[in-house]
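Before any comments, here is the structure.
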Amino acid sequence: MADRNPEAVQRFVERFASELVDAGVPRMPARALVAIIGSDSGRMTSAELTETLQVSPAAISGAVRYLSQVHMIRREREPGSRRDVYVSDGDIWYESILNRNRLISRWQQSLREGVEALGPDTPAGIRLAETLAFFDFIHEELGDFLARWQERKAELRAARGD
């Protein structure tokens, strides 16, 4: 294993977590996620997260609950133990986009109802119809985009010999 500068690692965790906070992720879940994805194994227990981030177990409990709910991590049982391990692998961003696509589908339905309720020729209806057209476009393009990512990921793994 390569030598690591603990201070540099901590700066990375805090800097990337701050970027996630700017994107709308709550601070403690952002810090916990970055700590997990920044670990070689992509796995950490609550105790390890508490120690790494120097926060209370309650703070970690809330963070991992949030991250589990938004499908950024999953909880697994450590073999031969009662301890839970929180896992994040390279597919979290892919899964996050898939989940967002499902949400967009629900938004599309609501927008269709809104256009009908407000009237397609009213200023509000026209605005909603354009928003709906944008989400329709995103939904259509996302399938191809995600398929291309799977191809690219396979190429990356083949190049590394995975």
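By convention here, the chains of the structure tokens are called A, B, ... in the order presented, each chain's residues are numbered starting at 1, and ligands are numbered starting at 1 in the order presented.
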Residues near region 68-77 of chain A, anyone? I mean within 12 Å using only C-alpha atoms, not counting same-chain ones fewer than 2 positions away, as a PyMOL selection string. chain A and resi 25-26+29-30+32-37+42-46+60-66+79-100+103
Quick one: DSSP strand (DSSP E or B) residues in chain A, as number ranges by chain? A: 43-45, 74-77, 84-87
The selected residues should be written to file as a PDB file, in the first residue's frame (atoms: N, CA and C atoms).
```pdb
ATOM      1  N   ARG A  43     -15.156   0.648   2.377  1.00  0.00           N
ATOM      2  CA  ARG A  43     -15.989   0.106   3.465  1.00  0.00           C
ATOM      3  C   ARG A  43     -15.514   0.694   4.788  1.00  0.00           C
ATOM      4  N   MET A  44     -16.443   1.118   5.619  1.00  0.00           N
ATOM      5  CA  MET A  44     -16.078   1.600   6.949  1.00  0.00           C
ATOM      6  C   MET A  44     -17.202   1.286   7.917  1.00  0.00           C
ATOM      7  N   THR A  45     -16.826   1.003   9.155  1.00  0.00           N
ATOM      8  CA  THR A  45     -17.807   0.816  10.215  1.00  0.00           C
ATOM      9  C   THR A  45     -18.152   2.182  10.799  1.00  0.00           C
ATOM     10  N   ARG A  74     -24.514   1.399   1.018  1.00  0.00           N
ATOM     11  CA  ARG A  74     -25.367   0.301   1.470  1.00  0.00           C
ATOM     12  C   ARG A  74     -24.763  -0.266   2.743  1.00  0.00           C
ATOM     13  N   ARG A  75     -25.608  -0.835   3.552  1.00  0.00           N
ATOM     14  CA  ARG A  75     -25.164  -1.419   4.809  1.00  0.00           C
ATOM     15  C   ARG A  75     -25.018  -2.917   4.622  1.00  0.00           C
ATOM     16  N   GLU A  76     -23.902  -3.433   5.072  1.00  0.00           N
ATOM     17  CA  GLU A  76     -23.663  -4.874   5.042  1.00  0.00           C
ATOM     18  C   GLU A  76     -23.241  -5.320   6.430  1.00  0.00           C
ATOM     19  N   ARG A  77     -23.450  -6.572   6.709  1.00  0.00           N
ATOM     20  CA  ARG A  77     -23.005  -7.135   7.981  1.00  0.00           C
ATOM     21  C   ARG A  77     -21.584  -7.642   7.793  1.00  0.00           C
ATOM     22  N   ASP A  84     -22.101  -3.541  11.623  1.00  0.00           N
ATOM     23  CA  ASP A  84     -22.472  -3.136  10.270  1.00  0.00           C
ATOM     24  C   ASP A  84     -21.289  -2.438   9.629  1.00  0.00           C
ATOM     25  N   VAL A  85     -21.157  -2.634   8.332  1.00  0.00           N
ATOM     26  CA  VAL A  85     -20.152  -1.953   7.544  1.00  0.00           C
ATOM     27  C   VAL A  85     -20.898  -1.175   6.470  1.00  0.00           C
ATOM     28  N   TYR A  86     -20.488   0.061   6.262  1.00  0.00           N
ATOM     29  CA  TYR A  86     -21.105   0.900   5.247  1.00  0.00           C
ATOM     30  C   TYR A  86     -20.204   0.895   4.024  1.00  0.00           C
ATOM     31  N   VAL A  87     -20.806   0.596   2.874  1.00  0.00           N
ATOM     32  CA  VAL A  87     -20.059   0.337   1.653  1.00  0.00           C
ATOM     33  C   VAL A  87     -20.500   1.302   0.558  1.00  0.00           C
TER      34      VAL A  87
END
```
If you run DSSP on the backbone here, which positions in chain A get alpha helix (DSSP H)? Please write them as a ChimeraX atom specification. /A:6-22,27-37,46-53,57-69,92-118,123-160
Can you work out which one of A:Ala124, A:Ile104, A:Ala154, A:Ala117 has the shortest atom-to-atom distance to Asp136 (chain A), counting only C-alpha atoms?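 Smallest separation from Asp136 (chain A) among the options: A:Ile104.
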Residues within 12 Å of Ser110 (chain A), only C-alpha atoms, excluding chain neighbours under 5 positions, as a PyMOL selection string: chain A and resi 103-105+115-117+128-129+131-132+135
Nearest candidate to Ala17 (chain A) (options A:Arg31, A:Arg106, A:Arg4, A:Arg127; using only C-alpha atoms):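 Closest to Ala17 (chain A) of all the choices is A:Arg31.
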Between CA of Leu142 (chain A) and CA of Gln108 (chain A), measure the distance and give it in Å to one decimal. 14.3 Å
